[in-house]
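Engineer: If it helps, the file is called final-v9.pdb and holds PDB, C-alpha atoms, pLDDT in the B column:
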```
MODEL        1
ATOM      1  CA  MET A   1     -12.896 -13.271 -12.604  1.00 43.00           C
ATOM      2  CA  LYS A   2     -16.484 -12.340 -13.328  1.00 47.00           C
ATOM      3  CA  VAL A   3     -18.457 -11.128 -10.334  1.00 43.00           C
ATOM      4  CA  ASP A   4     -22.218 -11.530 -10.343  1.00 49.00           C
ATOM      5  CA  LEU A   5     -23.616  -8.482  -8.545  1.00 45.00           C
ATOM      6  CA  THR A   6     -27.083 -10.031  -8.293  1.00 50.00           C
ATOM      7  CA  LYS A   7     -25.848 -12.364  -5.536  1.00 48.00           C
ATOM      8  CA  PRO A   8     -26.079 -11.269  -1.918  1.00 50.00           C
ATOM      9  CA  ILE A   9     -23.024  -9.379  -0.634  1.00 47.00           C
ATOM     10  CA  PRO A  10     -21.650 -12.238   1.548  1.00 50.00           C
ATOM     11  CA  GLN A  11     -21.684 -14.580  -1.462  1.00 49.00           C
ATOM     12  CA  VAL A  12     -19.895 -12.035  -3.651  1.00 45.00           C
ATOM     13  CA  THR A  13     -17.159 -11.507  -1.044  1.00 49.00           C
ATOM     14  CA  LYS A  14     -16.850 -15.278  -0.585  1.00 54.00           C
ATOM     15  CA  ASP A  15     -16.357 -15.668  -4.335  1.00 49.00           C
ATOM     16  CA  LEU A  16     -13.709 -12.958  -4.294  1.00 51.00           C
ATOM     17  CA  ASP A  17     -11.901 -14.527  -1.329  1.00 55.00           C
ATOM     18  CA  THR A  18     -11.726 -17.952  -2.960  1.00 58.00           C
ATOM     19  CA  GLY A  19     -10.844 -16.569  -6.369  1.00 56.00           C
ATOM     20  CA  LYS A  20      -7.587 -17.440  -8.008  1.00 52.00           C
ATOM     21  CA  LYS A  21      -4.933 -14.935  -7.131  1.00 55.00           C
ATOM     22  CA  THR A  22      -2.525 -13.843  -9.797  1.00 52.00           C
ATOM     23  CA  ASP A  23       1.153 -13.624  -9.099  1.00 56.00           C
ATOM     24  CA  ARG A  24       2.358 -10.102  -9.678  1.00 59.00           C
ATOM     25  CA  LYS A  25       5.988  -9.676 -10.453  1.00 64.00           C
ATOM     26  CA  GLN A  26       7.307  -6.683  -8.663  1.00 64.00           C
ATOM     27  CA  GLU A  27       9.141  -4.363 -10.975  1.00 80.00           C
ATOM     28  CA  GLY A  28      11.522  -1.942  -9.322  1.00 85.00           C
ATOM     29  CA  PRO A  29      11.676  -0.951  -5.678  1.00 86.00           C
ATOM     30  CA  SER A  30       8.611  -1.040  -3.451  1.00 89.00           C
ATOM     31  CA  PHE A  31       6.927   2.098  -2.164  1.00 85.00           C
ATOM     32  CA  ALA A  32       8.585   1.687   1.249  1.00 88.00           C
ATOM     33  CA  GLU A  33      12.013   1.364  -0.374  1.00 91.00           C
ATOM     34  CA  GLN A  34      11.399   4.469  -2.465  1.00 91.00           C
ATOM     35  CA  VAL A  35      10.384   6.465   0.605  1.00 89.00           C
ATOM     36  CA  LYS A  36      13.416   5.205   2.500  1.00 93.00           C
ATOM     37  CA  ASN A  37      15.743   6.148  -0.371  1.00 93.00           C
ATOM     38  CA  ALA A  38      14.185   9.608  -0.659  1.00 93.00           C
ATOM     39  CA  LEU A  39      14.581  10.209   3.073  1.00 94.00           C
ATOM     40  CA  GLU A  40      18.206   9.121   2.871  1.00 95.00           C
ATOM     41  CA  VAL A  41      18.800  11.670   0.093  1.00 95.00           C
ATOM     42  CA  VAL A  42      17.206  14.421   2.197  1.00 95.00           C
ATOM     43  CA  ASN A  43      19.329  13.400   5.171  1.00 96.00           C
ATOM     44  CA  ASP A  44      22.476  13.395   3.028  1.00 96.00           C
ATOM     45  CA  LEU A  45      21.688  16.931   1.836  1.00 96.00           C
ATOM     46  CA  GLN A  46      21.233  18.068   5.445  1.00 97.00           C
ATOM     47  CA  VAL A  47      24.518  16.455   6.503  1.00 97.00           C
ATOM     48  CA  GLU A  48      26.343  17.993   3.528  1.00 96.00           C
ATOM     49  CA  ALA A  49      24.955  21.456   4.323  1.00 97.00           C
ATOM     50  CA  ASP A  50      26.077  21.088   7.951  1.00 97.00           C
ATOM     51  CA  ARG A  51      29.523  19.912   6.862  1.00 96.00           C
ATOM     52  CA  ILE A  52      30.042  22.819   4.474  1.00 96.00           C
ATOM     53  CA  THR A  53      28.778  25.284   7.090  1.00 96.00           C
ATOM     54  CA  GLN A  54      31.247  23.925   9.652  1.00 96.00           C
ATOM     55  CA  GLN A  55      34.046  24.158   7.093  1.00 95.00           C
ATOM     56  CA  TYR A  56      33.094  27.777   6.368  1.00 95.00           C
ATOM     57  CA  PHE A  57      33.232  28.693  10.056  1.00 94.00           C
ATOM     58  CA  ALA A  58      36.572  26.906  10.361  1.00 94.00           C
ATOM     59  CA  GLY A  59      37.924  28.940   7.440  1.00 93.00           C
ATOM     60  CA  GLN A  60      38.371  25.937   5.150  1.00 93.00           C
ATOM     61  CA  VAL A  61      35.756  27.139   2.637  1.00 89.00           C
ATOM     62  CA  GLN A  62      36.030  30.719   1.415  1.00 89.00           C
ATOM     63  CA  ASP A  63      33.050  30.776  -0.932  1.00 91.00           C
ATOM     64  CA  LEU A  64      29.885  31.777   0.915  1.00 93.00           C
ATOM     65  CA  HIS A  65      27.884  30.906  -2.209  1.00 95.00           C
ATOM     66  CA  GLN A  66      28.675  27.196  -1.776  1.00 94.00           C
ATOM     67  CA  VAL A  67      27.454  27.336   1.806  1.00 95.00           C
ATOM     68  CA  MET A  68      24.222  29.098   0.869  1.00 96.00           C
ATOM     69  CA  ILE A  69      23.530  26.788  -2.076  1.00 96.00           C
ATOM     70  CA  ALA A  70      24.015  23.684   0.066  1.00 96.00           C
ATOM     71  CA  ALA A  71      21.786  25.131   2.795  1.00 96.00           C
ATOM     72  CA  GLU A  72      19.051  26.016   0.296  1.00 97.00           C
ATOM     73  CA  LYS A  73      19.174  22.569  -1.318  1.00 96.00           C
ATOM     74  CA  ALA A  74      18.755  20.978   2.095  1.00 96.00           C
ATOM     75  CA  ASP A  75      15.959  23.385   3.019  1.00 96.00           C
ATOM     76  CA  LEU A  76      14.029  22.807  -0.210  1.00 96.00           C
ATOM     77  CA  ALA A  77      14.389  19.037   0.104  1.00 95.00           C
ATOM     78  CA  LEU A  78      13.075  19.171   3.667  1.00 95.00           C
ATOM     79  CA  GLN A  79      10.149  21.402   2.667  1.00 96.00           C
ATOM     80  CA  LEU A  80       9.244  19.013  -0.142  1.00 95.00           C
ATOM     81  CA  THR A  81       9.425  16.056   2.244  1.00 94.00           C
ATOM     82  CA  VAL A  82       7.116  17.775   4.726  1.00 95.00           C
ATOM     83  CA  GLN A  83       4.614  18.624   1.984  1.00 96.00           C
ATOM     84  CA  ILE A  84       4.615  15.036   0.722  1.00 93.00           C
ATOM     85  CA  ARG A  85       4.062  13.800   4.270  1.00 93.00           C
ATOM     86  CA  ASN A  86       1.155  16.238   4.667  1.00 96.00           C
ATOM     87  CA  LYS A  87      -0.440  14.998   1.438  1.00 96.00           C
ATOM     88  CA  ILE A  88      -0.083  11.370   2.534  1.00 93.00           C
ATOM     89  CA  ILE A  89      -1.692  12.127   5.895  1.00 95.00           C
ATOM     90  CA  GLU A  90      -4.481  14.068   4.184  1.00 96.00           C
ATOM     91  CA  ALA A  91      -5.135  11.150   1.813  1.00 95.00           C
ATOM     92  CA  TYR A  92      -5.145   8.680   4.716  1.00 94.00           C
ATOM     93  CA  LYS A  93      -7.678  10.794   6.618  1.00 95.00           C
ATOM     94  CA  GLU A  94      -9.882  11.081   3.539  1.00 95.00           C
ATOM     95  CA  ILE A  95      -9.791   7.323   2.999  1.00 94.00           C
ATOM     96  CA  SER A  96     -10.570   6.659   6.671  1.00 94.00           C
ATOM     97  CA  ARG A  97     -13.650   8.906   6.418  1.00 93.00           C
ATOM     98  CA  MET A  98     -15.044   6.885   3.497  1.00 91.00           C
ATOM     99  CA  GLN A  99     -17.963   4.686   4.280  1.00 85.00           C
ATOM    100  CA  ILE A 100     -17.792   1.111   3.147  1.00 79.00           C
TER
ENDMDL
END
```
Could I get this structure in the form of structure tokens?
Structural biologist:
Amino acid sequence: MKVDLTKPIPQVTKDLDTGKKTDRKQEGPSFAEQVKNALEVVNDLQVEADRITQQYFAGQVQDLHQVMIAAEKADLALQLTVQIRNKIIEAYKEISRMQI
């Protein structure tokens, strides 16, 4: 759609609102689904680290390395999740400060 910028702003927005919308086929999961899946993976890593730690204390797992590796995987995943959340919040704040 060609937009004529010489028209007054209300006319331009009216033209955009009545313009023909194109159907976009969604390929792959949505952003919300991707976030949900990523959070489930982080949660699974936390649960697995807790399970292996409990098994170690119960004497079922003898290798301390397995316990530490699982705990570090869970910790790194959580740190990454927090940093991503911080970046999203920072981007939201920056967008909300923009003047329209």
Engineer: Can you give me, as a list in words, the residues this file yields under the PyMOL selection byres ((chain A and resi 34-43) around 12)?
Structural biologist: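 With the PyMOL selection byres ((chain A and resi 34-43) around 12) on this model, the match is Gly28, Pro29, Ser30, Phe31, Ala32, Glu33, Asp44, Leu45, Gln46, Val47, Glu48, Ala49, Asp50, Ala70, Ala71, Glu72, Lys73, Ala74, Asp75, Leu76, Ala77, Leu78, Gln79, Leu80, Thr81, Val82, Ile84, Arg85 and Ile88 of chain A.
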Engineer: Just the number, please: distance in Å from atom CA of A:Arg51 to atom CA of A:Met68, one decimal.
Structural biologist: 12.2 Å
Engineer: So what do you get for atom CA of A:Val67 versus atom CA of A:Gln83, distance-wise?
Structural biologist: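 A separation of 24.4 Å between them.
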Engineer: Kindly give the distance, in Å, that separates atom CA of A:Asn86 and atom CA of A:Gln99, rounded to a single decimal.
Structural biologist: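 If I compute the distance from atom CA of A:Asn86 to atom CA of A:Gln99, I get 22.3 Å.
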